[in-house]
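So the structure is just underneath, and the comments pick up after that.
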Amino acid sequence: MKKVQKVVIPAAGLGTRFLPATKAQPKEMLPVIDTPTIQYIIEEAVNSGIKDILIITGKDKNAIEDHFDKSPTLENLLRSKGKHELLEQVKDISQLVDIYYVRQKEPRGLGDAVYRARKFIGDEPFAVMLGDDVVRSSKPCLKQMLDLYEETGGSIIGIKEVPGDQVDKYGILNAECVKDKVYRCNDLVEKPAPAEAPSRLAIMGRYIIQPQVFNILARTSAGAGGEIQLTDALKELARKDYVYGYEFEGYRYDVGDKLGYLKATVELALERPDIGEEFSTYLKNIISKIK
Ligand code: G1P
């Protein structure tokens, strides 16, 4: 069985849910505390043992490339001011992993963005991580999925159960449980109306996919929202090969959504050694005043 060594991170979306902040900067660069959201995703990939990452970018996304590049001017400045801790942090970012970029010329949907990765991936299974889905867990979410992959092969989709009135925000699985937290997926549907959803098992932005998906994506036409959907391609893949759903351990934040972004900021700040304690005292004080 071939190993999963490469990750694709689609980052070509327009970020309309975060306007006006995303008018002149990529949504992936919005910070949760002091770290751009896309860096959390890259760190999860690195902590899962991944060495090569392809980011699918689009127009006006240069800040992402600059962020993961070496920055000699900034490094010299921090060195000359004796700010060694900050210097290490800035250097770390550019040393984390090999990052490659390809552009999606038009925003035609997640399926089309992933299709741009076909030459980089070749004939290997690969992972896809969506930038809006930041996961806080003891073992990195992708690592959990890679460990399961070693046992099962096939393709694996990271899922969580969502309330019935939220199924229309997600790709939803029609699947049967085959062992604790693992489901065999028979069918998928992108953003179904609540009355039509086959379950409440929702796709949470983590995938391990077999390369046959590229042949399918090549002929997948526009689906929900008029976009080429990865979910539609996986639906076809599930008819030909094993596709599993895996309820990963950990909490997932939708940082592309205002409320999800706030929740991530508050909860991750509470865990930070530098500001957590003071922030917790502040929050308790504020909450005691809320009527
Ligand atoms: C995408 C996928 C959807 C998945 C979701 C998870 O939708 O198409 O299947 O459930 O990400 O965040 P988007 O939120 O980009 O519309």
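Following the order of the structure tokens, chains are lettered A, B, ..., residues in each are numbered from 1, and ligands are numbered from 1.
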
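Within the 12 Å cut-off around Phe279 in chain A, using only C-alpha atoms and omitting residues fewer than 2 positions from it on the same chain, the listed residues are Ile33, Thr265, Val266, Glu267, Leu268, Ala269, Leu270, Glu271, Arg272, Pro273, Asp274, Ile275, Gly276, Glu277, Thr281, Tyr282, Leu283, Lys284, Asn285 and Ile286 of chain A.
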
How about saving the chosen residues, all heavy atoms kept, as a compact mmCIF listing (two decimals), in the first residue's frame?
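Contents of out.txt, as written:
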# COMPACT_ATOMS: atom_id res chain seq x y z
N ILE A 33 -5.40 34.79 17.46
CA ILE A 33 -4.41 35.37 18.39
C ILE A 33 -3.28 36.00 17.56
O ILE A 33 -3.46 37.09 17.06
CB ILE A 33 -3.91 34.37 19.45
CG1 ILE A 33 -5.13 33.63 20.04
CG2 ILE A 33 -3.12 35.09 20.58
CD1 ILE A 33 -4.81 32.42 20.82
N THR A 265 -10.69 31.75 18.84
CA THR A 265 -9.80 32.75 19.45
C THR A 265 -9.85 32.65 20.97
O THR A 265 -8.81 32.59 21.64
CB THR A 265 -10.21 34.17 19.00
OG1 THR A 265 -10.20 34.19 17.56
CG2 THR A 265 -9.26 35.23 19.53
N VAL A 266 -11.06 32.58 21.53
CA VAL A 266 -11.20 32.54 22.99
C VAL A 266 -10.61 31.24 23.54
O VAL A 266 -9.80 31.26 24.48
CB VAL A 266 -12.70 32.68 23.38
CG1 VAL A 266 -12.89 32.38 24.86
CG2 VAL A 266 -13.21 34.07 23.04
N GLU A 267 -10.98 30.11 22.96
CA GLU A 267 -10.56 28.84 23.55
C GLU A 267 -9.06 28.60 23.39
O GLU A 267 -8.40 28.11 24.30
CB GLU A 267 -11.36 27.68 22.95
CG GLU A 267 -12.82 27.77 23.42
CD GLU A 267 -13.66 26.58 23.00
OE1 GLU A 267 -13.12 25.46 22.92
OE2 GLU A 267 -14.85 26.78 22.73
N LEU A 268 -8.51 28.99 22.25
CA LEU A 268 -7.06 28.80 22.08
C LEU A 268 -6.28 29.79 22.94
O LEU A 268 -5.23 29.48 23.47
CB LEU A 268 -6.66 28.90 20.60
CG LEU A 268 -7.23 27.80 19.70
CD1 LEU A 268 -6.84 28.00 18.25
CD2 LEU A 268 -6.77 26.41 20.15
N ALA A 269 -6.85 30.98 23.14
CA ALA A 269 -6.17 31.97 24.00
C ALA A 269 -6.12 31.47 25.45
O ALA A 269 -5.12 31.66 26.14
CB ALA A 269 -6.89 33.32 23.93
N LEU A 270 -7.20 30.80 25.89
CA LEU A 270 -7.22 30.28 27.27
C LEU A 270 -6.13 29.23 27.49
O LEU A 270 -5.67 29.03 28.61
CB LEU A 270 -8.60 29.67 27.58
CG LEU A 270 -9.72 30.69 27.81
CD1 LEU A 270 -11.08 30.00 27.87
CD2 LEU A 270 -9.49 31.49 29.09
N GLU A 271 -5.72 28.57 26.42
CA GLU A 271 -4.69 27.52 26.56
C GLU A 271 -3.27 28.04 26.42
O GLU A 271 -2.31 27.30 26.61
CB GLU A 271 -4.91 26.47 25.47
CG GLU A 271 -6.09 25.58 25.76
CD GLU A 271 -6.26 24.51 24.70
OE1 GLU A 271 -5.52 24.53 23.70
OE2 GLU A 271 -7.14 23.68 24.90
N ARG A 272 -3.13 29.31 26.05
CA ARG A 272 -1.79 29.84 25.77
C ARG A 272 -1.04 30.12 27.07
O ARG A 272 -1.55 30.81 27.95
CB ARG A 272 -1.92 31.14 24.98
CG ARG A 272 -2.29 30.91 23.53
CD ARG A 272 -1.07 30.62 22.72
NE ARG A 272 -0.22 31.78 22.70
CZ ARG A 272 0.03 32.54 21.64
NH1 ARG A 272 -0.53 32.25 20.48
NH2 ARG A 272 0.82 33.57 21.71
N PRO A 273 0.20 29.60 27.19
CA PRO A 273 0.96 29.86 28.41
C PRO A 273 1.25 31.34 28.65
O PRO A 273 1.31 31.79 29.79
CB PRO A 273 2.26 29.08 28.20
CG PRO A 273 2.24 28.56 26.82
CD PRO A 273 0.88 28.75 26.24
N ASP A 274 1.38 32.13 27.56
CA ASP A 274 1.76 33.54 27.77
C ASP A 274 0.60 34.43 28.23
O ASP A 274 0.81 35.37 28.98
CB ASP A 274 2.41 34.13 26.48
CG ASP A 274 1.55 33.94 25.23
OD1 ASP A 274 0.59 33.14 25.28
OD2 ASP A 274 1.84 34.58 24.21
N ILE A 275 -0.62 34.15 27.80
CA ILE A 275 -1.73 35.05 28.14
C ILE A 275 -2.93 34.34 28.77
O ILE A 275 -3.87 34.99 29.22
CB ILE A 275 -2.23 35.81 26.89
CG1 ILE A 275 -2.56 34.82 25.75
CG2 ILE A 275 -1.24 36.88 26.43
CD1 ILE A 275 -3.30 35.45 24.59
N GLY A 276 -2.90 32.99 28.80
CA GLY A 276 -4.07 32.21 29.21
C GLY A 276 -4.63 32.60 30.57
O GLY A 276 -5.84 32.81 30.72
N GLU A 277 -3.74 32.71 31.57
CA GLU A 277 -4.21 32.93 32.93
C GLU A 277 -4.87 34.31 33.07
O GLU A 277 -5.97 34.44 33.60
CB GLU A 277 -3.02 32.83 33.88
CG GLU A 277 -3.38 32.11 35.14
CD GLU A 277 -2.16 31.95 36.04
OE1 GLU A 277 -1.29 31.14 35.66
OE2 GLU A 277 -2.08 32.68 37.05
N THR A 281 -8.92 35.24 33.87
CA THR A 281 -9.40 36.14 34.92
C THR A 281 -10.28 37.23 34.32
O THR A 281 -11.36 37.54 34.84
CB THR A 281 -8.18 36.81 35.62
OG1 THR A 281 -7.23 35.80 35.92
CG2 THR A 281 -8.58 37.56 36.87
N TYR A 282 -9.83 37.78 33.22
CA TYR A 282 -10.58 38.83 32.53
C TYR A 282 -11.96 38.32 32.10
O TYR A 282 -12.98 38.96 32.33
CB TYR A 282 -9.78 39.31 31.31
CG TYR A 282 -10.57 40.14 30.34
CD1 TYR A 282 -10.84 41.49 30.61
CD2 TYR A 282 -11.05 39.58 29.17
CE1 TYR A 282 -11.58 42.25 29.71
CE2 TYR A 282 -11.80 40.32 28.28
CZ TYR A 282 -12.06 41.66 28.55
OH TYR A 282 -12.81 42.40 27.67
N LEU A 283 -11.98 37.11 31.49
CA LEU A 283 -13.25 36.55 30.99
C LEU A 283 -14.23 36.30 32.13
O LEU A 283 -15.41 36.63 32.03
CB LEU A 283 -12.99 35.20 30.29
CG LEU A 283 -12.75 35.20 28.80
CD1 LEU A 283 -12.77 33.75 28.30
CD2 LEU A 283 -13.82 35.98 28.05
N LYS A 284 -13.72 35.72 33.23
CA LYS A 284 -14.59 35.44 34.38
C LYS A 284 -15.23 36.72 34.87
O LYS A 284 -16.42 36.76 35.19
CB LYS A 284 -13.79 34.78 35.51
CG LYS A 284 -13.48 33.32 35.24
CD LYS A 284 -12.71 32.73 36.40
CE LYS A 284 -12.07 31.42 35.99
NZ LYS A 284 -10.80 31.18 36.64
N ASN A 285 -14.44 37.76 34.91
CA ASN A 285 -14.91 39.07 35.36
C ASN A 285 -16.02 39.58 34.43
O ASN A 285 -17.08 40.02 34.87
CB ASN A 285 -13.70 40.01 35.41
CG ASN A 285 -14.06 41.34 36.02
OD1 ASN A 285 -15.09 41.45 36.67
ND2 ASN A 285 -13.23 42.34 35.80
N ILE A 286 -15.76 39.50 33.13
CA ILE A 286 -16.75 39.96 32.14
C ILE A 286 -18.04 39.14 32.27
O ILE A 286 -19.14 39.69 32.27
CB ILE A 286 -16.20 39.73 30.71
CG1 ILE A 286 -15.03 40.63 30.40
CG2 ILE A 286 -17.29 39.85 29.66
CD1 ILE A 286 -15.43 41.93 29.79

*Enumerate as a PyMOL selection string all residues of range 66-196 of chain A assigned to strand (DSSP E) by DSSP on the backbone, naming them with the chain letters and numbers the document uses.*
chain A and resi 98-103+126-129+133-136+155-161+171-179+182-190

Go ahead and dump the residues you just picked, N, CA, C and O atoms, as a short mmCIF file (atom, residue, chain, number, x, y, z; two decimals), in the first residue's frame.
data_model
loop_
_atom_site.label_atom_id
_atom_site.label_comp_id
_atom_site.auth_asym_id
_atom_site.auth_seq_id
_atom_site.Cartn_x
_atom_site.Cartn_y
_atom_site.Cartn_z
N ASP A 98 8.36 21.74 3.06
CA ASP A 98 8.44 22.26 1.68
C ASP A 98 7.04 22.60 1.20
O ASP A 98 6.18 21.72 1.16
N ILE A 99 6.85 23.86 0.84
CA ILE A 99 5.52 24.29 0.40
C ILE A 99 5.59 24.70 -1.07
O ILE A 99 6.49 25.45 -1.47
N TYR A 100 4.66 24.19 -1.85
CA TYR A 100 4.57 24.50 -3.27
C TYR A 100 3.24 25.20 -3.52
O TYR A 100 2.30 25.05 -2.75
N TYR A 101 3.19 25.92 -4.62
CA TYR A 101 1.97 26.69 -4.91
C TYR A 101 1.52 26.48 -6.34
O TYR A 101 2.34 26.36 -7.25
N VAL A 102 0.22 26.43 -6.53
CA VAL A 102 -0.32 26.47 -7.88
C VAL A 102 -1.57 27.34 -7.80
O VAL A 102 -2.22 27.41 -6.76
N ARG A 103 -1.86 28.02 -8.89
CA ARG A 103 -2.99 28.94 -8.86
C ARG A 103 -4.23 28.36 -9.50
O ARG A 103 -4.14 27.75 -10.57
N PHE A 126 -3.36 10.87 -1.28
CA PHE A 126 -2.95 12.17 -0.75
C PHE A 126 -4.00 12.68 0.24
O PHE A 126 -5.10 12.14 0.31
N ALA A 127 -3.62 13.71 1.00
CA ALA A 127 -4.57 14.28 1.95
C ALA A 127 -5.01 15.66 1.48
O ALA A 127 -4.27 16.35 0.76
N VAL A 128 -6.22 16.02 1.83
CA VAL A 128 -6.71 17.38 1.60
C VAL A 128 -7.11 17.95 2.95
O VAL A 128 -7.76 17.27 3.75
N MET A 129 -6.67 19.16 3.23
CA MET A 129 -7.02 19.83 4.50
C MET A 129 -7.62 21.19 4.15
O MET A 129 -6.98 21.98 3.45
N ASP A 133 -11.20 24.82 8.55
CA ASP A 133 -11.42 23.86 9.62
C ASP A 133 -10.17 23.69 10.47
O ASP A 133 -9.25 22.96 10.11
N VAL A 134 -10.15 24.39 11.61
CA VAL A 134 -9.02 24.25 12.54
C VAL A 134 -9.45 23.27 13.62
O VAL A 134 -10.54 23.40 14.19
N VAL A 135 -8.61 22.24 13.86
CA VAL A 135 -8.98 21.21 14.83
C VAL A 135 -8.03 21.27 16.03
O VAL A 135 -6.81 21.30 15.86
N ARG A 136 -8.63 21.30 17.22
CA ARG A 136 -7.83 21.23 18.45
C ARG A 136 -8.00 19.82 19.02
O ARG A 136 -9.11 19.40 19.31
N SER A 155 -10.16 5.34 0.92
CA SER A 155 -10.16 6.79 1.17
C SER A 155 -10.86 7.02 2.50
O SER A 155 -11.73 6.24 2.89
N ILE A 156 -10.47 8.08 3.20
CA ILE A 156 -11.07 8.36 4.52
C ILE A 156 -11.48 9.83 4.59
O ILE A 156 -10.71 10.72 4.21
N ILE A 157 -12.67 10.06 5.11
CA ILE A 157 -13.16 11.43 5.26
C ILE A 157 -13.35 11.71 6.76
O ILE A 157 -13.99 10.92 7.46
N GLY A 158 -12.78 12.80 7.24
CA GLY A 158 -12.94 13.19 8.65
C GLY A 158 -14.34 13.74 8.86
O GLY A 158 -14.78 14.62 8.12
N ILE A 159 -15.05 13.19 9.83
CA ILE A 159 -16.45 13.63 10.05
C ILE A 159 -16.75 13.92 11.51
O ILE A 159 -15.99 13.52 12.40
N LYS A 160 -17.86 14.63 11.73
CA LYS A 160 -18.44 14.85 13.07
C LYS A 160 -19.95 14.84 12.89
O LYS A 160 -20.46 15.24 11.83
N GLU A 161 -20.65 14.44 13.94
CA GLU A 161 -22.11 14.52 13.89
C GLU A 161 -22.51 15.96 14.16
O GLU A 161 -21.96 16.59 15.06
N GLY A 171 -21.07 18.68 3.59
CA GLY A 171 -21.22 17.45 2.84
C GLY A 171 -21.66 16.40 3.84
O GLY A 171 -21.10 16.31 4.93
N ILE A 172 -22.68 15.60 3.49
CA ILE A 172 -23.25 14.63 4.45
C ILE A 172 -23.10 13.21 3.90
O ILE A 172 -23.28 12.96 2.71
N LEU A 173 -22.75 12.28 4.80
CA LEU A 173 -22.51 10.89 4.41
C LEU A 173 -23.74 10.03 4.61
O LEU A 173 -24.46 10.21 5.61
N ASN A 174 -23.95 9.12 3.70
CA ASN A 174 -24.86 8.02 3.93
C ASN A 174 -23.94 6.84 4.23
O ASN A 174 -23.22 6.38 3.34
N ALA A 175 -23.92 6.39 5.48
CA ALA A 175 -22.88 5.44 5.85
C ALA A 175 -23.33 4.54 6.98
O ALA A 175 -24.21 4.90 7.75
N GLU A 176 -22.70 3.33 7.05
CA GLU A 176 -23.02 2.46 8.18
C GLU A 176 -21.77 2.25 9.04
O GLU A 176 -20.66 2.16 8.50
N CYS A 177 -22.01 2.18 10.37
CA CYS A 177 -20.90 2.06 11.30
C CYS A 177 -20.29 0.66 11.17
O CYS A 177 -21.00 -0.33 11.20
N VAL A 178 -18.96 0.59 10.96
CA VAL A 178 -18.33 -0.73 10.86
C VAL A 178 -17.48 -1.06 12.08
O VAL A 178 -17.24 -2.21 12.39
N LYS A 179 -17.02 -0.04 12.78
CA LYS A 179 -16.43 -0.22 14.11
C LYS A 179 -16.39 1.15 14.78
O LYS A 179 -16.75 2.15 14.13
N VAL A 182 -15.77 4.48 13.03
CA VAL A 182 -15.48 4.27 11.60
C VAL A 182 -16.75 3.84 10.87
O VAL A 182 -17.47 2.95 11.33
N TYR A 183 -17.01 4.47 9.73
CA TYR A 183 -18.21 4.20 8.95
C TYR A 183 -17.82 3.83 7.53
O TYR A 183 -16.88 4.38 6.97
N ARG A 184 -18.58 2.91 6.95
CA ARG A 184 -18.41 2.60 5.52
C ARG A 184 -19.39 3.49 4.77
O ARG A 184 -20.58 3.48 5.03
N CYS A 185 -18.86 4.29 3.86
CA CYS A 185 -19.67 5.30 3.20
C CYS A 185 -20.21 4.77 1.86
O CYS A 185 -19.44 4.31 1.02
N ASN A 186 -21.52 4.81 1.69
CA ASN A 186 -22.14 4.33 0.44
C ASN A 186 -22.47 5.47 -0.51
O ASN A 186 -22.51 5.30 -1.71
N ASP A 187 -22.73 6.63 0.08
CA ASP A 187 -23.19 7.73 -0.74
C ASP A 187 -22.87 9.04 0.00
O ASP A 187 -22.68 9.04 1.22
N LEU A 188 -22.80 10.13 -0.75
CA LEU A 188 -22.56 11.44 -0.12
C LEU A 188 -23.43 12.47 -0.82
O LEU A 188 -23.72 12.34 -2.01
N VAL A 189 -23.77 13.51 -0.09
CA VAL A 189 -24.53 14.59 -0.71
C VAL A 189 -24.06 15.94 -0.14
O VAL A 189 -23.84 16.07 1.06
N GLU A 190 -23.82 16.88 -1.04
CA GLU A 190 -23.30 18.18 -0.62
C GLU A 190 -24.45 19.10 -0.21
O GLU A 190 -25.37 19.33 -0.99
#

*Run DSSP on the backbone and grab whatever in range 21-250 of chain A lands in alpha helix (DSSP H); send it over as a VMD selection string.*
chain A and resid 37 to 47 62 to 67 72 to 80 84 to 95 110 to 115 118 to 121 141 to 152 213 to 217 230 to 240

Could you please take those selected residues and save C-alpha atoms as a PDB file, in the first residue's frame?
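Dumped everything to again35.pdb:
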ATOM      1  CA  THR A  37      -5.294  30.385  10.405  1.00  0.00           C
ATOM      2  CA  ILE A  38      -3.465  28.635   7.554  1.00  0.00           C
ATOM      3  CA  GLN A  39      -0.427  28.186   9.784  1.00  0.00           C
ATOM      4  CA  TYR A  40      -2.498  26.071  12.206  1.00  0.00           C
ATOM      5  CA  ILE A  41      -3.332  23.811   9.270  1.00  0.00           C
ATOM      6  CA  ILE A  42       0.305  23.603   8.126  1.00  0.00           C
ATOM      7  CA  GLU A  43       1.415  22.821  11.692  1.00  0.00           C
ATOM      8  CA  GLU A  44      -1.136  20.004  11.913  1.00  0.00           C
ATOM      9  CA  ALA A  45       0.228  18.550   8.651  1.00  0.00           C
ATOM     10  CA  VAL A  46       3.846  18.837   9.860  1.00  0.00           C
ATOM     11  CA  ASN A  47       2.958  17.287  13.246  1.00  0.00           C
ATOM     12  CA  ASN A  62       0.535  36.601  -2.338  1.00  0.00           C
ATOM     13  CA  ALA A  63       0.591  37.261   1.406  1.00  0.00           C
ATOM     14  CA  ILE A  64       0.375  33.496   1.979  1.00  0.00           C
ATOM     15  CA  GLU A  65       3.551  32.861  -0.038  1.00  0.00           C
ATOM     16  CA  ASP A  66       5.339  35.733   1.687  1.00  0.00           C
ATOM     17  CA  HIS A  67       4.344  34.414   5.095  1.00  0.00           C
ATOM     18  CA  PRO A  72      16.017  38.162   5.901  1.00  0.00           C
ATOM     19  CA  THR A  73      15.218  41.827   6.671  1.00  0.00           C
ATOM     20  CA  LEU A  74      12.915  40.931   9.557  1.00  0.00           C
ATOM     21  CA  GLU A  75      15.328  38.273  10.825  1.00  0.00           C
ATOM     22  CA  ASN A  76      18.252  40.736  10.829  1.00  0.00           C
ATOM     23  CA  LEU A  77      16.184  43.345  12.638  1.00  0.00           C
ATOM     24  CA  LEU A  78      15.063  40.912  15.353  1.00  0.00           C
ATOM     25  CA  ARG A  79      18.659  39.620  15.695  1.00  0.00           C
ATOM     26  CA  SER A  80      20.070  43.124  16.084  1.00  0.00           C
ATOM     27  CA  HIS A  84      15.726  35.839  20.042  1.00  0.00           C
ATOM     28  CA  GLU A  85      12.437  34.154  20.852  1.00  0.00           C
ATOM     29  CA  LEU A  86      10.585  36.049  18.123  1.00  0.00           C
ATOM     30  CA  LEU A  87      13.473  35.373  15.731  1.00  0.00           C
ATOM     31  CA  GLU A  88      13.148  31.612  16.309  1.00  0.00           C
ATOM     32  CA  GLN A  89       9.383  31.782  15.706  1.00  0.00           C
ATOM     33  CA  VAL A  90       9.815  33.683  12.445  1.00  0.00           C
ATOM     34  CA  LYS A  91      12.569  31.305  11.272  1.00  0.00           C
ATOM     35  CA  ASP A  92      10.548  28.244  12.254  1.00  0.00           C
ATOM     36  CA  ILE A  93       7.756  29.173   9.877  1.00  0.00           C
ATOM     37  CA  SER A  94       9.984  29.100   6.820  1.00  0.00           C
ATOM     38  CA  GLN A  95      11.675  25.872   7.918  1.00  0.00           C
ATOM     39  CA  LEU A 110     -13.443  22.901  -4.170  1.00  0.00           C
ATOM     40  CA  GLY A 111     -13.470  20.009  -6.653  1.00  0.00           C
ATOM     41  CA  ASP A 112     -11.840  22.170  -9.307  1.00  0.00           C
ATOM     42  CA  ALA A 113      -9.264  23.487  -6.804  1.00  0.00           C
ATOM     43  CA  VAL A 114      -8.265  19.931  -5.832  1.00  0.00           C
ATOM     44  CA  TYR A 115      -8.099  18.958  -9.532  1.00  0.00           C
ATOM     45  CA  ARG A 118      -3.206  16.287 -10.094  1.00  0.00           C
ATOM     46  CA  LYS A 119       0.307  16.768 -11.536  1.00  0.00           C
ATOM     47  CA  PHE A 120       1.844  17.420  -8.104  1.00  0.00           C
ATOM     48  CA  ILE A 121       0.196  14.324  -6.634  1.00  0.00           C
ATOM     49  CA  CYS A 141      -6.443  15.120  13.400  1.00  0.00           C
ATOM     50  CA  LEU A 142      -4.586  14.203  10.196  1.00  0.00           C
ATOM     51  CA  LYS A 143      -2.285  11.831  12.120  1.00  0.00           C
ATOM     52  CA  GLN A 144      -5.354  10.039  13.518  1.00  0.00           C
ATOM     53  CA  MET A 145      -6.598   9.588   9.964  1.00  0.00           C
ATOM     54  CA  LEU A 146      -3.208   8.451   8.634  1.00  0.00           C
ATOM     55  CA  ASP A 147      -3.013   5.812  11.383  1.00  0.00           C
ATOM     56  CA  LEU A 148      -6.470   4.538  10.450  1.00  0.00           C
ATOM     57  CA  TYR A 149      -5.453   4.542   6.774  1.00  0.00           C
ATOM     58  CA  GLU A 150      -2.578   2.148   7.578  1.00  0.00           C
ATOM     59  CA  GLU A 151      -5.261  -0.334   8.746  1.00  0.00           C
ATOM     60  CA  THR A 152      -7.998   0.228   6.185  1.00  0.00           C
ATOM     61  CA  VAL A 213     -10.454  10.862  -7.855  1.00  0.00           C
ATOM     62  CA  PHE A 214      -8.664  12.985 -10.486  1.00  0.00           C
ATOM     63  CA  ASN A 215     -10.191  10.950 -13.351  1.00  0.00           C
ATOM     64  CA  ILE A 216     -13.581  11.499 -11.768  1.00  0.00           C
ATOM     65  CA  LEU A 217     -12.999  15.217 -11.133  1.00  0.00           C
ATOM     66  CA  LEU A 230     -15.287  17.446  -4.224  1.00  0.00           C
ATOM     67  CA  THR A 231     -18.198  15.717  -2.468  1.00  0.00           C
ATOM     68  CA  ASP A 232     -19.733  14.786  -5.850  1.00  0.00           C
ATOM     69  CA  ALA A 233     -16.457  13.208  -6.991  1.00  0.00           C
ATOM     70  CA  LEU A 234     -16.167  11.275  -3.711  1.00  0.00           C
ATOM     71  CA  LYS A 235     -19.721  10.065  -4.198  1.00  0.00           C
ATOM     72  CA  GLU A 236     -18.645   8.415  -7.444  1.00  0.00           C
ATOM     73  CA  LEU A 237     -15.428   7.114  -5.890  1.00  0.00           C
ATOM     74  CA  ALA A 238     -17.520   5.461  -3.127  1.00  0.00           C
ATOM     75  CA  ARG A 239     -19.317   3.391  -5.791  1.00  0.00           C
ATOM     76  CA  LYS A 240     -16.026   1.927  -7.018  1.00  0.00           C
TER      77      LYS A 240
END

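The residue that comes closest to Glu106 in chain A, out of A:Glu227, A:Pro26, A:Ser71, A:Asp123 and on the basis of only C-alpha atoms, is A:Glu227.
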
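In this model, the gap between CA of Leu130 in chain A and CA of Ile9 in chain A comes to 5.9 Å.
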
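Counting only C-alpha atoms and all ligand atoms and comparing A:Arg17, A:Lys289, A:Lys263, A:Arg116, the residue that lies closest to ligand 1 is A:Arg17.
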
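Here CA of Ala11 in chain A stands at a distance of 28.8 Å from CA of Lys181 in chain A.
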